Amino acid sequence: MKIAIASDHGGFDLKANLIAYYQEKGLTLQDMGTYSSDSCDYPDIAEKLCQAILAGTFETGILVCGTGIGISIAANRHKGIRAAVLYSDDVARLAREHNNANVAVFGGRTMTKEEACRRMDIFLQTEFEGGRHQRRIDKLDK
Ligand code: RB5
């Protein structure tokens with residue numbers, strides 16, 4: 001599975017934690033920046049990762065900012081991107097089952113490393129249910 005990850009400065013530490021967690025499990029996340037804790041703008045970060053997903057270079061993306069809100073708003077302006085802030089374990093599952101989310105979003109200042117890693121595991125292990133949910137997703141991109 002090809003997964004890309006990116007964050008602004010507010011998500012920089014949590015991004016590093018997610019990369020290390022999956023590295024230990026033998027899964028390399030492609031780090032698309034930011035590469036320091038210097039201030040940067042989350043729309044630029046979301047743009048870079050979303051274009052790579054839409055081009056088919058990666059199947060799944062992970063985005064992190066301070067709250068998860070700004071970067072999810074930016075990501076969801078791209079047609080074909082379904083970015084979900086995983087604010088609970090149940091939501092991590094439902095974002096896949098019902099929304100076929102292709103980008104998982106976390107808040108570096110609002111979630112712990114343990115919460116983010118656990119929710120990302122749930123997200124990756126859960127399949128889209130299709131059916132009535134596919135009809136709704138089709139309407140999003142019209
Ligand atoms: C950056 O300070 C912060 O505003 C950003 O990371 C994010 O939380 C915005 O929604």
# chains A, B, ... in the order shown; residues from 1 in each chain; ligands from 1

$ residues_around --residues "range 125-138 of chain A" --least-positions-apart "3" --cutoff "12 Å" --atoms "only C-alpha atoms" --output "short mmCIF file (atom, residue, chain, number, x, y, z; two decimals) with N, CA and C atoms, in the first residue's frame"
data_model
loop_
_atom_site.label_atom_id
_atom_site.label_comp_id
_atom_site.auth_asym_id
_atom_site.auth_seq_id
_atom_site.Cartn_x
_atom_site.Cartn_y
_atom_site.Cartn_z
N MET A 1 0.84 -1.20 0.00
CA MET A 1 0.00 0.00 0.00
C MET A 1 0.88 1.25 0.00
N LYS A 79 -11.71 18.01 -5.84
CA LYS A 79 -12.67 16.99 -6.29
C LYS A 79 -11.98 15.63 -6.31
N GLY A 80 -12.62 14.65 -5.69
CA GLY A 80 -12.02 13.30 -5.64
C GLY A 80 -11.30 13.02 -4.34
N ILE A 81 -11.07 14.07 -3.56
CA ILE A 81 -10.46 13.88 -2.24
C ILE A 81 -11.58 13.85 -1.20
N ARG A 82 -11.55 12.83 -0.36
CA ARG A 82 -12.49 12.72 0.76
C ARG A 82 -11.64 12.62 2.03
N ASP A 89 -12.28 6.68 17.53
CA ASP A 89 -12.02 5.38 16.90
C ASP A 89 -13.20 4.99 16.00
N ASP A 90 -14.41 5.26 16.48
CA ASP A 90 -15.60 4.95 15.67
C ASP A 90 -15.59 5.72 14.36
N VAL A 91 -15.21 6.98 14.44
CA VAL A 91 -15.17 7.80 13.23
C VAL A 91 -14.11 7.30 12.26
N ALA A 92 -13.01 6.78 12.79
CA ALA A 92 -11.97 6.22 11.92
C ALA A 92 -12.54 5.07 11.09
N ARG A 93 -13.37 4.25 11.72
CA ARG A 93 -14.01 3.12 11.01
C ARG A 93 -15.06 3.62 10.03
N LEU A 94 -15.92 4.52 10.51
CA LEU A 94 -17.02 4.99 9.66
C LEU A 94 -16.54 5.82 8.47
N ALA A 95 -15.44 6.52 8.65
CA ALA A 95 -14.90 7.31 7.54
C ALA A 95 -14.55 6.43 6.35
N ARG A 96 -14.18 5.19 6.63
CA ARG A 96 -13.90 4.23 5.55
C ARG A 96 -15.19 3.52 5.11
N GLU A 97 -15.95 2.98 6.07
CA GLU A 97 -17.15 2.18 5.74
C GLU A 97 -18.17 3.01 4.95
N HIS A 98 -18.41 4.24 5.38
CA HIS A 98 -19.48 5.04 4.78
C HIS A 98 -18.98 6.07 3.77
N ASN A 99 -17.82 6.64 4.02
CA ASN A 99 -17.37 7.77 3.21
C ASN A 99 -16.25 7.42 2.24
N ASN A 100 -15.74 6.22 2.33
CA ASN A 100 -14.60 5.82 1.50
C ASN A 100 -13.52 6.90 1.53
N ALA A 101 -13.26 7.42 2.71
CA ALA A 101 -12.26 8.49 2.85
C ALA A 101 -10.91 8.02 2.33
N ASN A 102 -10.25 8.88 1.56
CA ASN A 102 -8.93 8.53 1.05
C ASN A 102 -7.81 9.34 1.72
N ARG A 118 -3.56 4.54 16.65
CA ARG A 118 -4.64 3.56 16.76
C ARG A 118 -5.72 3.83 15.71
N ARG A 119 -6.08 5.08 15.56
CA ARG A 119 -7.13 5.42 14.58
C ARG A 119 -6.66 5.19 13.15
N MET A 120 -5.38 5.41 12.91
CA MET A 120 -4.86 5.17 11.55
C MET A 120 -4.87 3.68 11.26
N ASP A 121 -4.55 2.86 12.24
CA ASP A 121 -4.63 1.40 12.06
C ASP A 121 -6.06 0.99 11.70
N ILE A 122 -7.03 1.51 12.43
CA ILE A 122 -8.44 1.19 12.16
C ILE A 122 -8.80 1.62 10.74
N ASP A 141 -18.99 14.35 -6.35
CA ASP A 141 -18.06 14.76 -7.41
C ASP A 141 -18.76 15.24 -8.67
N LYS A 142 -20.08 15.38 -8.61
CA LYS A 142 -20.81 15.87 -9.80
C LYS A 142 -20.75 17.37 -9.91
#

$ residues_near_ligand --ligand "ligand 1" --cutoff "7 Å" --atoms "only C-alpha atoms and all ligand atoms" --output "VMD selection string"
chain A and resid 8 to 11 42 65 to 71

$ closest_residue --among "A:Lys113, A:Ile19, A:Val103, A:Ile5" --to "Leu54 in chain A" --atoms "only C-alpha atoms"
A:Val103

$ atom_distance --atom1 "CA of Leu63 in chain A" --atom2 "CA of Gln30 in chain A"
11.8 Å

$ select_by_dssp --residues "chain A" --states "helix (DSSP H, G or I)" --output "PyMOL selection string"
chain A and resi 9-24+42-54+69-75+89-97+113-125+132-140

$ select_by_dssp --residues "range 90-142 of chain A" --states "strand (DSSP E)" --output "list in words"
Val103, Ala104, Val105, Phe106 and Gly107 of chain A

$ write_last_selection --atoms "N, CA and C atoms" --output "JSON list (two decimals), in the first residue's frame"
[["chain", "number", "residue", "atom", "x", "y", "z"],
["A", 103, "VAL", "N", -8.21, 10.26, 2.59],
["A", 103, "VAL", "CA", -7.22, 11.01, 3.37],
["A", 103, "VAL", "C", -7.67, 11.04, 4.83],
["A", 104, "ALA", "N", -6.79, 10.59, 5.71],
["A", 104, "ALA", "CA", -7.04, 10.63, 7.16],
["A", 104, "ALA", "C", -6.37, 11.88, 7.71],
["A", 105, "VAL", "N", -7.09, 12.59, 8.56],
["A", 105, "VAL", "CA", -6.58, 13.86, 9.08],
["A", 105, "VAL", "C", -6.52, 13.82, 10.61],
["A", 106, "PHE", "N", -5.43, 14.37, 11.14],
["A", 106, "PHE", "CA", -5.23, 14.40, 12.59],
["A", 106, "PHE", "C", -4.85, 15.80, 13.05],
["A", 107, "GLY", "N", -5.10, 16.06, 14.34],
["A", 107, "GLY", "CA", -4.71, 17.33, 14.95],
["A", 107, "GLY", "C", -3.50, 17.12, 15.85]]

$ closest_residue --among "A:Phe12, A:Phe58, A:Gln51, A:Leu27" --to "Ser39 in chain A" --atoms "only C-alpha atoms"
A:Phe12

$ atom_distance --atom1 "CA of Gly61 in chain A" --atom2 "CA of Tyr87 in chain A"
16.3 Å

$ closest_residue --among "A:Leu18, A:Ala83, A:Ile45, A:Ala74" --to "Gly33 in chain A" --atoms "only C-alpha atoms"
A:Ile45

$ residues_around --residues "Thr28 in chain A" --least-positions-apart "2" --cutoff "12 Å" --atoms "only C-alpha atoms" --output "ChimeraX atom specification"
/A:1-5,16,18-26,30-31

$ atom_distance --atom1 "CA of Ser72 in chain A" --atom2 "CA of Val85 in chain A"
6.9 Å

$ closest_residue --among "A:Cys50, A:Leu140, A:Leu14, A:Glu114" --to "Val64 in chain A" --atoms "only C-alpha atoms"
A:Leu14
